[in-house]
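Structure file coords.txt (compact mmCIF, C-alpha atoms and all ligand atoms) follows.
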```txt
# COMPACT_ATOMS: atom_id res chain seq x y z
CA MET A 3 -14.13 4.46 -27.06
CA GLU A 4 -14.19 4.60 -30.83
CA ARG A 5 -11.14 4.23 -32.98
CA PRO A 6 -9.87 7.65 -34.10
CA THR A 7 -10.90 8.42 -37.66
CA ILE A 8 -8.36 9.78 -40.11
CA LEU A 9 -9.51 11.38 -43.32
CA LEU A 10 -7.12 10.62 -46.17
CA ALA A 11 -7.41 13.11 -49.01
CA VAL A 12 -4.37 11.95 -50.90
CA GLY A 13 -3.42 10.94 -54.43
CA ALA A 14 -2.93 7.41 -55.68
CA GLU A 15 -1.11 4.58 -53.86
CA THR A 16 -2.82 4.86 -50.53
CA ASP A 17 -3.15 1.12 -49.82
CA ALA A 18 0.05 0.79 -47.78
CA HIS A 19 -0.88 3.85 -45.73
CA VAL A 20 -4.41 2.60 -45.13
CA GLU A 21 -3.10 -0.78 -43.97
CA ALA A 22 -0.47 0.76 -41.69
CA LEU A 23 -3.09 3.03 -40.11
CA GLN A 24 -5.49 0.15 -39.58
CA ARG A 25 -2.76 -1.96 -38.00
CA ALA A 26 -2.04 0.90 -35.59
CA GLY A 27 -5.69 1.05 -34.52
CA PHE A 28 -6.84 4.03 -36.59
CA GLU A 29 -9.94 4.12 -38.78
CA PRO A 30 -8.84 5.58 -42.12
CA VAL A 31 -11.57 7.12 -44.26
CA LEU A 32 -10.94 8.08 -47.88
CA PHE A 33 -12.22 11.45 -49.01
CA ASN A 34 -15.41 11.12 -51.02
CA PRO A 35 -16.23 14.16 -53.19
CA GLU A 36 -19.87 12.93 -53.34
CA ASP A 37 -20.20 13.21 -49.58
CA PRO A 38 -17.91 16.04 -48.48
CA ASP A 39 -19.93 16.68 -45.31
CA ALA A 40 -18.68 13.39 -43.83
CA THR A 41 -15.29 15.12 -43.85
CA SER A 42 -16.14 17.35 -40.92
CA GLU A 43 -16.73 14.37 -38.62
CA VAL A 44 -13.17 13.01 -38.54
CA ASP A 45 -10.61 13.33 -35.73
CA LEU A 46 -7.56 14.10 -37.88
CA ALA A 47 -6.95 14.60 -41.58
CA VAL A 48 -4.14 14.08 -44.06
CA LEU A 49 -4.31 16.34 -47.11
CA ASP A 50 -2.06 16.04 -50.15
CA CYS A 51 -1.35 19.60 -51.24
CA ASP A 52 -0.50 18.54 -54.78
CA LEU A 53 -4.12 17.65 -55.52
CA ALA A 54 -6.07 20.09 -57.72
CA PRO A 55 -6.29 23.47 -55.94
CA ALA A 56 -10.10 23.44 -56.01
CA ALA A 57 -10.20 19.98 -54.40
CA ILE A 58 -7.72 21.01 -51.72
CA GLN A 59 -9.70 24.11 -50.94
CA SER A 60 -12.97 22.19 -50.72
CA VAL A 61 -11.58 19.50 -48.41
CA TYR A 62 -9.89 22.08 -46.24
CA GLU A 63 -13.05 24.15 -45.92
CA HIS A 64 -15.05 21.11 -44.86
CA LEU A 65 -12.40 20.21 -42.31
CA HIS A 66 -12.78 23.63 -40.76
CA ARG A 67 -16.51 24.16 -41.16
CA THR A 68 -17.85 23.06 -37.77
CA LYS A 69 -14.57 22.62 -35.90
CA SER A 70 -10.92 23.02 -36.70
CA THR A 71 -9.85 19.48 -37.58
CA PRO A 72 -6.08 19.06 -37.07
CA THR A 73 -4.68 18.48 -40.54
CA LEU A 74 -1.39 17.08 -41.74
CA LEU A 75 -0.52 18.82 -45.00
CA LEU A 76 1.65 16.74 -47.32
CA VAL A 77 3.83 18.98 -49.45
CA GLY A 78 6.55 18.48 -52.05
CA GLU A 79 9.60 20.72 -52.44
CA ASN A 80 7.75 22.89 -54.98
CA THR A 81 4.20 22.77 -53.68
CA GLU A 82 2.29 26.06 -53.71
CA LEU A 83 -0.45 26.12 -51.10
CA PRO A 84 -3.75 27.82 -52.00
CA PRO A 85 -3.91 31.02 -49.93
CA SER A 86 -6.69 29.89 -47.58
CA VAL A 87 -5.00 26.61 -46.68
CA GLY A 88 -2.72 26.23 -43.69
CA GLY A 89 -3.08 27.62 -40.21
CA SER A 90 -1.86 27.23 -36.68
CA GLY A 91 -3.74 23.94 -36.17
CA ASP A 92 -1.97 22.27 -39.05
CA GLU A 93 1.27 20.43 -39.46
CA VAL A 94 3.39 19.84 -42.51
CA ALA A 95 5.17 16.72 -43.75
CA LEU A 96 7.40 16.44 -46.77
CA LYS A 97 6.42 13.90 -49.42
CA PRO A 98 6.86 11.06 -49.88
CA ILE A 99 5.93 10.07 -46.34
CA PRO A 100 6.46 6.35 -45.61
CA PRO A 101 3.47 4.56 -44.02
CA GLU A 102 5.21 4.05 -40.65
CA ALA A 103 6.22 7.70 -40.55
CA LEU A 104 2.60 8.71 -41.17
CA VAL A 105 1.49 6.50 -38.28
CA TYR A 106 4.07 7.96 -35.90
CA ARG A 107 3.22 11.44 -37.03
CA LEU A 108 -0.48 10.98 -36.30
CA GLN A 109 0.23 9.20 -33.03
CA ALA A 110 2.44 12.07 -31.94
CA ARG A 111 -0.30 14.49 -32.85
CA LEU A 112 -2.89 12.60 -30.80
CA ILE A 113 -0.64 12.39 -27.79
CA ARG A 114 0.19 16.08 -27.91
CA THR A 115 -3.46 17.01 -28.04
CA GLY A 116 -3.92 15.13 -24.77
CA ARG A 117 -5.44 11.97 -26.20
CA HIS A 118 -4.20 8.44 -26.00
CA LEU A 119 -3.02 6.17 -28.72
CA PRO A 120 -5.26 3.43 -29.96
CA SER A 121 -4.03 0.25 -28.30
CA GLU A 122 -2.67 -2.67 -30.29
CA SER A 123 -6.04 -4.40 -30.18
CA GLY A 124 -7.50 -1.39 -31.95
CA ALA A 125 -9.59 -0.35 -28.94
CA TRP A 126 -9.01 2.96 -27.24
CA ALA A 127 -7.64 2.92 -23.73
CA SER A 128 -10.22 4.85 -21.77
CA GLU A 129 -9.19 8.32 -20.69
CA GLU A 130 -11.05 7.98 -17.41
CA SER A 131 -9.40 4.71 -16.56
CA LEU A 132 -5.87 5.88 -17.15
CA SER A 133 -5.70 8.62 -14.58
CA SER A 134 -8.60 9.98 -12.60
CA ALA A 135 -6.96 12.96 -10.92
CA PRO A 136 -7.87 16.49 -11.89
CA ILE A 137 -5.22 18.21 -13.91
CA ALA A 138 -2.90 19.95 -11.49
CA GLY A 139 -0.68 21.54 -14.06
CA GLU A 140 1.19 20.74 -17.18
CA GLY A 141 4.68 19.46 -16.46
CA HIS A 142 7.39 20.33 -18.92
CA VAL A 143 8.66 17.07 -20.41
CA VAL A 144 12.26 16.76 -21.55
CA SER A 145 13.25 13.48 -23.17
CA VAL A 146 16.98 12.78 -23.08
CA PHE A 147 17.79 10.66 -26.09
CA ALA A 148 20.53 9.34 -28.34
CA PRO A 149 20.23 6.65 -30.95
CA LYS A 150 23.60 5.36 -29.79
CA GLY A 151 24.30 3.70 -26.45
CA GLY A 152 26.85 4.88 -23.91
CA VAL A 153 27.08 8.54 -24.93
CA GLY A 154 25.98 9.90 -21.55
CA LYS A 155 22.16 10.03 -21.61
CA THR A 156 21.74 8.72 -18.08
CA THR A 157 24.53 10.90 -16.70
CA ILE A 158 22.94 13.96 -18.26
CA ALA A 159 19.36 13.05 -17.31
CA VAL A 160 20.23 12.36 -13.66
CA ASN A 161 22.40 15.44 -13.22
CA MET A 162 20.05 17.68 -15.14
CA ALA A 163 17.16 16.60 -12.91
CA VAL A 164 19.12 17.33 -9.74
CA ALA A 165 20.51 20.61 -11.06
CA LEU A 166 17.03 21.69 -12.17
CA ARG A 167 15.69 20.97 -8.70
CA GLN A 168 18.53 22.98 -7.15
CA GLN A 169 17.92 25.88 -9.52
CA THR A 170 14.13 26.03 -9.26
CA ARG A 171 13.08 24.11 -6.09
CA ALA A 172 10.17 22.92 -8.24
CA ASP A 173 8.84 19.36 -8.34
CA VAL A 174 11.12 17.39 -10.62
CA LEU A 175 10.45 13.80 -11.65
CA LEU A 176 13.18 11.68 -13.19
CA PHE A 177 11.51 8.99 -15.29
CA ASP A 178 13.63 5.97 -16.22
CA ALA A 179 12.06 4.81 -19.49
CA ASP A 180 15.10 2.88 -20.76
CA VAL A 181 13.03 -0.28 -20.51
CA GLY A 182 15.00 -3.49 -20.12
CA VAL A 183 18.40 -1.90 -19.81
CA GLY A 184 18.55 1.38 -17.96
CA ASN A 185 18.65 1.62 -14.27
CA VAL A 186 18.79 5.14 -12.99
CA THR A 187 18.65 3.79 -9.47
CA ALA A 188 22.05 2.15 -9.99
CA VAL A 189 23.73 5.55 -10.35
CA LEU A 190 21.45 7.61 -8.10
CA ASP A 191 21.17 6.52 -4.50
CA VAL A 192 17.44 6.16 -3.87
CA PRO A 193 15.57 3.51 -1.90
CA VAL A 194 14.60 0.91 -4.47
CA LYS A 195 10.87 0.49 -4.85
CA MET A 196 8.57 -1.03 -7.40
CA GLY A 197 8.73 -0.22 -11.07
CA LEU A 198 6.11 0.00 -13.79
CA ALA A 199 6.77 -3.64 -14.70
CA ASP A 200 5.13 -4.56 -11.38
CA LEU A 201 1.80 -3.34 -12.76
CA PHE A 202 1.85 -6.17 -15.28
CA ASP A 203 -1.14 -7.94 -13.78
CA SER A 204 -3.24 -4.81 -13.24
CA PRO A 205 -5.77 -3.68 -15.84
CA PRO A 206 -5.58 -0.04 -16.96
CA GLU A 207 -8.40 1.01 -14.61
CA GLU A 208 -6.06 0.21 -11.73
CA TRP A 209 -3.30 2.49 -13.04
CA THR A 210 -4.39 5.24 -10.70
CA ASP A 211 -2.51 8.23 -9.40
CA ALA A 212 -2.16 6.52 -6.02
CA VAL A 213 -0.46 3.54 -7.61
CA PHE A 214 2.06 5.68 -9.48
CA GLU A 215 2.61 7.78 -6.39
CA GLN A 216 3.52 4.66 -4.41
CA MET A 217 6.18 3.71 -6.93
CA VAL A 218 8.11 6.93 -6.59
CA SER A 219 11.37 7.02 -4.68
CA VAL A 220 12.82 10.29 -3.48
CA HIS A 221 16.48 11.22 -3.75
CA ALA A 222 16.86 12.55 -0.22
CA GLU A 223 19.75 14.92 -0.89
CA SER A 224 18.00 16.85 -3.67
CA GLY A 225 14.31 16.03 -3.39
CA VAL A 226 14.18 14.79 -6.98
CA LYS A 227 11.56 12.07 -7.40
CA VAL A 228 12.35 8.94 -9.38
CA LEU A 229 9.99 6.62 -11.25
CA THR A 230 11.49 3.60 -12.99
CA TRP A 231 10.24 1.01 -15.45
CA GLY A 232 11.69 -1.70 -13.16
CA SER A 233 15.05 -3.40 -12.93
CA ASP A 234 14.77 -6.97 -14.20
CA PRO A 235 15.46 -7.15 -17.96
CA ALA A 236 13.37 -10.33 -18.11
CA GLN A 237 10.33 -8.20 -17.24
CA SER A 238 10.78 -5.60 -19.95
CA GLU A 239 7.94 -6.96 -22.08
CA ARG A 240 5.60 -6.16 -19.20
CA VAL A 241 5.93 -2.44 -19.85
CA SER A 242 3.59 -1.49 -22.69
CA VAL A 243 3.39 1.81 -24.55
CA ASP A 244 -0.01 2.40 -22.94
CA LEU A 245 1.43 1.92 -19.47
CA LEU A 246 4.30 4.32 -20.14
CA LEU A 247 1.84 6.90 -21.47
CA ALA A 248 -0.44 6.51 -18.48
CA ALA A 249 2.56 7.03 -16.20
CA MET A 250 3.57 10.04 -18.26
CA LYS A 251 0.11 11.54 -17.96
CA TRP A 252 0.28 11.20 -14.19
CA ALA A 253 3.84 12.56 -14.19
CA ARG A 254 2.90 15.66 -16.15
CA ASN A 255 -0.10 16.35 -13.99
CA HIS A 256 1.81 16.28 -10.74
CA HIS A 257 5.26 17.71 -11.47
CA SER A 258 6.64 20.89 -12.91
CA TYR A 259 9.37 19.08 -14.83
CA VAL A 260 9.61 15.51 -16.06
CA ILE A 261 13.05 14.39 -17.24
CA VAL A 262 12.95 11.13 -19.19
CA ASP A 263 15.98 8.87 -19.61
CA ASN A 264 15.38 6.91 -22.80
CA HIS A 265 16.45 3.72 -24.49
CA PRO A 266 18.85 4.18 -27.41
CA GLY A 267 16.75 2.99 -30.34
CA TYR A 268 13.57 3.42 -32.31
CA ASP A 269 11.23 1.00 -30.58
CA ASP A 270 7.61 2.05 -30.04
CA ARG A 271 8.08 2.82 -26.36
CA THR A 272 10.93 5.21 -27.05
CA MET A 273 9.14 6.85 -29.97
CA ALA A 274 6.13 7.45 -27.71
CA MET A 275 8.37 9.06 -25.08
CA LEU A 276 9.85 11.31 -27.74
CA ALA A 277 6.45 12.19 -29.18
CA VAL A 278 5.10 13.42 -25.83
CA ALA A 279 8.16 15.52 -25.04
CA HIS A 280 8.09 19.29 -25.13
CA GLU A 281 11.83 19.15 -25.74
CA ILE A 282 14.18 16.40 -26.84
CA PHE A 283 17.77 16.72 -25.68
CA LEU A 284 19.82 14.80 -28.22
CA VAL A 285 23.10 13.73 -26.62
CA VAL A 286 25.99 13.49 -29.05
CA THR A 287 29.68 12.83 -28.51
CA PRO A 288 32.20 14.38 -30.94
CA GLU A 289 32.83 11.13 -32.78
CA VAL A 290 31.99 10.12 -36.33
CA GLY A 291 29.83 7.14 -35.29
CA ALA A 292 27.69 9.12 -32.86
CA MET A 293 27.37 11.94 -35.38
CA ARG A 294 26.22 9.62 -38.13
CA ASN A 295 23.58 8.03 -35.89
CA SER A 296 22.43 11.45 -34.73
CA SER A 297 22.08 12.74 -38.29
CA GLN A 298 19.93 9.76 -39.17
CA PHE A 299 17.79 10.40 -36.11
CA LEU A 300 17.39 14.07 -37.00
CA GLU A 301 16.20 13.10 -40.45
CA LEU A 302 13.58 10.79 -38.99
CA ALA A 303 12.60 13.33 -36.34
CA ARG A 304 12.03 16.01 -38.98
CA GLU A 305 9.83 13.61 -40.93
CA LEU A 306 7.82 12.98 -37.77
CA GLY A 307 7.38 16.66 -37.04
CA LEU A 308 9.67 16.54 -34.01
CA GLY A 309 12.51 18.47 -35.64
CA THR A 310 11.70 21.77 -33.97
CA VAL A 311 11.86 20.49 -30.39
CA ILE A 312 15.36 19.03 -30.52
CA ARG A 313 18.35 20.55 -28.77
CA VAL A 314 21.81 19.17 -29.26
CA ILE A 315 23.89 18.54 -26.14
CA VAL A 316 27.50 17.60 -26.80
CA ASN A 317 28.97 15.35 -24.12
CA ARG A 318 32.72 14.84 -23.68
CA ALA A 319 32.91 18.01 -25.73
CA ASN A 320 36.59 18.78 -25.25
CA HIS A 321 37.86 16.04 -27.56
CA GLY A 322 37.25 15.01 -31.16
CA ILE A 323 35.21 16.82 -33.82
CA ARG A 324 35.02 20.60 -33.44
CA LEU A 325 31.75 22.03 -32.16
CA GLN A 326 31.24 24.30 -35.15
CA ASP A 327 31.70 21.34 -37.48
CA MET A 328 29.21 19.32 -35.47
CA ALA A 329 26.63 22.10 -35.66
CA THR A 330 27.12 22.41 -39.40
CA ALA A 331 26.92 18.67 -39.98
CA LEU A 332 23.77 18.30 -37.86
CA GLY A 333 22.14 21.46 -39.18
CA LEU A 334 21.40 22.58 -35.61
CA PRO A 335 23.17 24.81 -33.12
CA ILE A 336 24.89 23.21 -30.15
CA SER A 337 22.74 24.19 -27.17
CA ALA A 338 25.09 23.03 -24.41
CA THR A 339 28.35 21.18 -23.90
CA VAL A 340 29.60 18.93 -21.10
CA VAL A 341 33.29 18.44 -20.59
CA SER A 342 34.78 14.96 -20.24
CA ASN A 343 35.82 14.03 -16.74
CA GLY A 344 36.08 10.26 -16.45
CA PRO A 345 37.39 9.97 -12.89
CA LYS A 346 34.73 12.25 -11.41
CA ALA A 347 31.94 10.66 -13.44
CA ILE A 348 32.94 7.17 -12.32
CA ILE A 349 33.35 8.04 -8.64
CA SER A 350 29.97 9.75 -8.67
CA SER A 351 28.06 6.92 -10.28
CA ASN A 352 29.78 4.25 -8.20
CA GLU A 353 28.79 6.08 -5.03
CA GLY A 354 25.28 6.83 -6.26
CA HIS A 355 25.75 10.59 -6.09
CA PRO A 356 25.20 13.00 -8.96
CA VAL A 357 28.31 14.84 -10.14
CA VAL A 358 26.58 18.17 -9.51
CA THR A 359 26.38 17.51 -5.77
CA LYS A 360 29.49 15.36 -5.33
CA PHE A 361 31.87 17.66 -7.22
CA PRO A 362 30.02 20.98 -7.42
CA ARG A 363 33.15 23.01 -8.15
CA GLU A 364 34.31 20.98 -11.13
CA LYS A 365 33.74 22.23 -14.65
CA ILE A 366 31.70 19.12 -15.45
CA ALA A 367 29.22 20.09 -12.70
CA ASN A 368 29.05 23.63 -14.00
CA ASP A 369 28.41 22.32 -17.51
CA LEU A 370 25.64 20.02 -16.29
CA HIS A 371 24.03 23.00 -14.56
CA GLY A 372 24.24 24.73 -17.92
CA VAL A 373 22.19 21.90 -19.46
CA ALA A 374 19.54 22.35 -16.76
CA ARG A 375 19.51 26.12 -17.34
CA LEU A 376 18.30 25.48 -20.88
CA ILE A 377 15.06 24.55 -19.15
CA SER A 378 15.05 26.79 -16.08
CA GLN A 379 16.13 29.87 -18.07
CA PRO A 380 14.83 29.21 -21.57
CA ASN A 381 15.51 32.78 -22.65
CA GLY A 382 19.06 32.84 -21.37
CA PRO A 383 22.08 33.57 -23.58
CA THR A 384 22.74 31.08 -26.38
CA PRO A 385 26.21 29.69 -27.01
CA GLY A 386 28.39 30.81 -29.91
CA THR A 387 27.63 27.93 -32.24
CA GLU A 388 24.28 29.30 -33.31
CA LEU A 389 23.42 28.15 -36.81
CA ARG A 390 21.30 30.39 -38.94
CA ALA A 391 19.70 27.93 -41.32
CA ALA A 392 17.61 29.26 -44.18
CA ARG A 393 13.94 28.88 -43.27
CA LYS A 394 11.76 26.98 -45.68
CA TRP A 395 8.70 28.80 -46.98
CA TRP A 396 6.39 26.38 -45.18
CA SER A 397 7.98 26.92 -41.78
CA ARG A 398 5.30 29.57 -41.14
CA LEU A 399 2.86 26.76 -40.48
CA GLY A 400 4.84 25.58 -37.44
CA PRO A 401 4.79 21.81 -37.08
CA ARG A 402 4.01 21.97 -33.37
CA ALA A 403 1.95 25.10 -33.34
CA SER A 404 -1.11 23.30 -32.06
CA GLU A 405 0.39 21.66 -29.04
CA ALA A 406 -2.12 20.87 -26.30
N1 LIG A 501 31.17 13.87 -19.50
C1 LIG A 501 31.62 12.67 -19.14
N2 LIG A 501 32.91 12.50 -18.78
C2 LIG A 501 33.37 11.30 -18.41
N3 LIG A 501 32.64 10.20 -18.34
C3 LIG A 501 31.35 10.28 -18.69
C4 LIG A 501 30.77 11.52 -19.09
N4 LIG A 501 29.46 11.29 -19.36
C5 LIG A 501 29.24 9.99 -19.15
N5 LIG A 501 30.37 9.38 -18.73
C6 LIG A 501 30.55 7.94 -18.40
O1 LIG A 501 30.28 7.21 -19.59
C7 LIG A 501 29.59 6.02 -19.27
C8 LIG A 501 28.30 5.99 -20.06
O2 LIG A 501 27.47 7.04 -19.60
P1 LIG A 501 25.89 6.86 -19.44
O3 LIG A 501 25.56 5.63 -18.73
O4 LIG A 501 25.39 8.15 -18.90
O5 LIG A 501 25.51 6.72 -20.99
P2 LIG A 501 24.11 6.28 -21.64
O6 LIG A 501 24.03 7.00 -22.92
O7 LIG A 501 23.02 6.45 -20.67
O8 LIG A 501 24.37 4.73 -21.89
P3 LIG A 501 23.25 3.60 -22.26
O9 LIG A 501 22.96 3.80 -23.70
O10 LIG A 501 23.99 2.33 -21.97
O11 LIG A 501 22.08 3.83 -21.37
C9 LIG A 501 29.40 6.00 -17.77
O12 LIG A 501 30.44 5.25 -17.20
C10 LIG A 501 29.54 7.48 -17.39
O13 LIG A 501 30.04 7.61 -16.07
MG MG A 502 21.59 5.07 -19.94
```
Would you give me this structure, written as structure tokens?
Amino acid sequence: MERPTILLAVGAETDAHVEALQRAGFEPVLFNPEDPDATSEVDLAVLDCDLAPAAIQSVYEHLHRTKSTPTLLLVGENTELPPSVGGSGDEVALKPIPPEALVYRLQARLIRTGRHLPSESGAWASEESLSSAPIAGEGHVVSVFAPKGGVGKTTIAVNMAVALRQQTRADVLLFDADVGVGNVTAVLDVPVKMGLADLFDSPPEEWTDAVFEQMVSVHAESGVKVLTWGSDPAQSERVSVDLLLAAMKWARNHHSYVIVDNHPGYDDRTMAMLAVAHEIFLVVTPEVGAMRNSSQFLELARELGLGTVIRVIVNRANHGIRLQDMATALGLPISATVVSNGPKAIISSNEGHPVVTKFPREKIANDLHGVARLISQPNGPTPGTELRAARKWWSRLGPRASEA
């Protein structure tokens, strides 16, 4: 398949962006006013909204002449968009956008529109080869993330998956994507099977549904299915972004809910798992260190267009910084809280049982059910720490309005 073409209609200093896009396997094309018709052929576009209004309008019209080309509009704090520019297929990024952020932003956009990232070699992984099954449905993907280790991501992902299964009886897949470190199967008693790392020797055309299906273990007590990256840290390099995305495509096609336990960091694998998520549950503990890391993550996430899909879950919520102060500092409401209960958490994980089934009457179990209800009852009551932030004028464009 061809490399995806990106039209760049931006001001000066584009070299670093062009190079970053090429390195990531994209084919950047600079806007040429002499040949505006070439504009309508591209896959995605980046349009600087501080160019001359007539130029913006002309580029935008060409991008929407024969098809609606998804466009990333770069705006400054004081940018006034011409009236005919900006619609539901577009996204907005604040300037200046660093080259890596532009790459992630466009990658996220491709993934969400159901396409695959260009591989490191610059060639496209073939759609057909990645998963041949007909689409059975679109699973709702929730990525559980924190930039800081040890705050309770795995505890929340495991218990949320089991609670969600109990609440809905739907097909729930727990996806351990904490490559190299995480091992969901150490805290959830499931028969250990293969992991994605075992596909190391197989070419992408062998990453079929049947292969992924074989890797799944079932947690007998709840019926939650588990797919892991593997268990041997020495094999972590075997799990590529492409492989994780192929597994995610299969996962979404065959389950109602996919809960992803992520690595704490900003590596490409984790960023891909965040980019494909419908919702990101950011786990924070009421401590200054965790708060600082979370604020930095939120800043990055907003730059990448992921800001609107993040929900803040406060773990060990009964100690430390007050919830209202956390919401204010993060600029987001607290969507759910989980009380601290060390003894019960340790007994549960040591025995391989989720807290929600081992200690169903404890407050911690009730709280973890509350986290799952954010998904099973998305229109349920919101907690009292709602934050009414002033909406920016450009929020009408909706950064994820065009989700596939
Ligand atoms: N609400 C809680 N109350 C008491 N203990 C908890 C709670 N949540 C998590 N823990 C304990 O804290 C430890 C770290 O939790 P967990 O492994 O879920 O964190 P993590 O964010 O996934 O860590 P890592 O970044 O290493 O993957 C575990 O021992 C877990 O049992
Ligand atoms: Mg973990």
Taking all atoms listed in the file into account, which residues have an atom no farther than 6 Å from ligand MG 502 (chain A)? I'd like them as a VMD selection string. chain A and resid 155 to 156 184
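Using only C-alpha atoms, the shortest contact distance between A:Asp270 and any of A:Val48, A:Asp234, A:Glu102, A:Val12 is found at A:Glu102.
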Please, which residues have at least one atom within 6 Å of an atom of ligand LIG 501 (chain A), using all atoms listed in the file, listed as JSON, numbers by chain? {"A": [151, 152, 153, 154, 155, 156, 157, 184, 266, 317, 318, 340, 341, 342, 343, 344, 347, 348]}
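One distance worth recording is that between atom CA of A:Ala319 and atom CA of A:Lys150, which is 16.2 Å.
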Tell me, in Å to one decimal, how far atom CA of A:Thr7 is from atom CA of A:Leu46. 6.6 Å
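By chain and then residue number, the residues within 7 Å of A:Phe28 are Arg5, Pro6, Thr7, Ile8, Leu23, Gln24 and Pro120 of chain A, counting all atoms listed in the file and disregarding those fewer than 3 positions away in sequence.
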Near-stretch 195-202 of chain A list (8 Å; all atoms listed in the file; drop same-chain fewer than 3 positions) as a PyMOL selection string: chain A and resi 209+217-219+229-233+237-238+240-241+245-246
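Closest to A:Ala11 among A:Pro85, A:Gly27, A:Pro35, A:Gly182 is A:Pro35, based on all atoms listed in the file.
Neighbouring residues of stretch 65-78 of chain A at 6 Å or closer, counting only C-alpha atoms and skipping chain neighbours under 2 positions away, are Ser42, Leu46, Ala47, Val48, Leu49, Asp50, Cys51, Tyr62, Glu63, Asn80, Thr81, Gly91, Asp92, Glu93, Val94, Ala95, Leu96 and Lys97 of chain A.
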Which of A:Asp180, A:Val105, A:Val243, A:Glu79 sits closest to A:Val146 [using all atoms listed in the file]: A:Asp180
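Distances from A:Leu284, A:Leu308, A:Val31, A:Val316 to A:Asp263 were compared using only C-alpha atoms, and the smallest one belongs to A:Leu284.
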Quick one: pull the distance between atom CA of A:Phe33 and atom CA of A:Val20, Å, one decimal. 12.4 Å
Top pick for closest residue to A:Val160, considering A:Ala22, A:Leu302, A:Leu376, A:Ala367 and counting all atoms listed in the file: A:Ala367
Which one is closest to A:Met275: A:Ala18, A:Ile158, A:Ala179, A:Val220? Count all atoms listed in the file. A:Ala179
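With all atoms listed in the file taken into account, every residue lying no more than 9 Å from the file point (1.3, 17.1, -15.0) is included here: Ile137, Ala138, Gly139, Glu140, Gly141, His142, Met250, Lys251, Trp252, Ala253, Arg254, Asn255, His256, His257, Ser258, Tyr259 and Val260 of chain A.
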Skip A:Thr339 itself and residues of its chain fewer than 3 positions away, then list as a PyMOL selection string all residues within 10 Å of it, counting all atoms listed in the file. chain A and resi 285-287+314-320+325+336+342+366+369-370+372-373+385
Hey, could you patch up stretch 242-251 of chain A with N, CA, C and O atoms and hand it over as an mmCIF file, in the coordinates of the input?
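Wrote it out as out30.cif, contents follow:
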```cif
data_model
loop_
_atom_site.group_PDB
_atom_site.id
_atom_site.type_symbol
_atom_site.label_atom_id
_atom_site.label_comp_id
_atom_site.auth_asym_id
_atom_site.auth_seq_id
_atom_site.Cartn_x
_atom_site.Cartn_y
_atom_site.Cartn_z
ATOM 1 N N SER A 242 4.165 -1.813 -21.378
ATOM 2 C CA SER A 242 3.590 -1.490 -22.690
ATOM 3 C C SER A 242 3.664 0.015 -22.948
ATOM 4 O O SER A 242 3.883 0.812 -22.035
ATOM 5 N N VAL A 243 3.450 0.383 -24.199
ATOM 6 C CA VAL A 243 3.390 1.810 -24.550
ATOM 7 C C VAL A 243 2.262 2.481 -23.766
ATOM 8 O O VAL A 243 2.430 3.573 -23.218
ATOM 9 N N ASP A 244 1.122 1.812 -23.679
ATOM 10 C CA ASP A 244 -0.010 2.400 -22.940
ATOM 11 C C ASP A 244 0.337 2.689 -21.495
ATOM 12 O O ASP A 244 -0.042 3.722 -20.941
ATOM 13 N N LEU A 245 1.058 1.743 -20.884
ATOM 14 C CA LEU A 245 1.430 1.920 -19.470
ATOM 15 C C LEU A 245 2.387 3.105 -19.319
ATOM 16 O O LEU A 245 2.225 3.947 -18.419
ATOM 17 N N LEU A 246 3.364 3.184 -20.207
ATOM 18 C CA LEU A 246 4.300 4.320 -20.140
ATOM 19 C C LEU A 246 3.557 5.642 -20.319
ATOM 20 O O LEU A 246 3.829 6.620 -19.623
ATOM 21 N N LEU A 247 2.584 5.653 -21.228
ATOM 22 C CA LEU A 247 1.840 6.900 -21.470
ATOM 23 C C LEU A 247 0.951 7.261 -20.299
ATOM 24 O O LEU A 247 0.782 8.432 -19.963
ATOM 25 N N ALA A 248 0.391 6.237 -19.669
ATOM 26 C CA ALA A 248 -0.440 6.510 -18.480
ATOM 27 C C ALA A 248 0.442 7.096 -17.376
ATOM 28 O O ALA A 248 0.060 8.058 -16.699
ATOM 29 N N ALA A 249 1.632 6.509 -17.215
ATOM 30 C CA ALA A 249 2.560 7.030 -16.200
ATOM 31 C C ALA A 249 2.972 8.453 -16.552
ATOM 32 O O ALA A 249 3.076 9.321 -15.678
ATOM 33 N N MET A 250 3.164 8.699 -17.836
ATOM 34 C CA MET A 250 3.570 10.040 -18.260
ATOM 35 C C MET A 250 2.458 11.055 -17.993
ATOM 36 O O MET A 250 2.706 12.184 -17.580
ATOM 37 N N LYS A 251 1.232 10.629 -18.207
ATOM 38 C CA LYS A 251 0.110 11.540 -17.960
ATOM 39 C C LYS A 251 0.079 11.930 -16.485
ATOM 40 O O LYS A 251 -0.056 13.106 -16.135
#
```
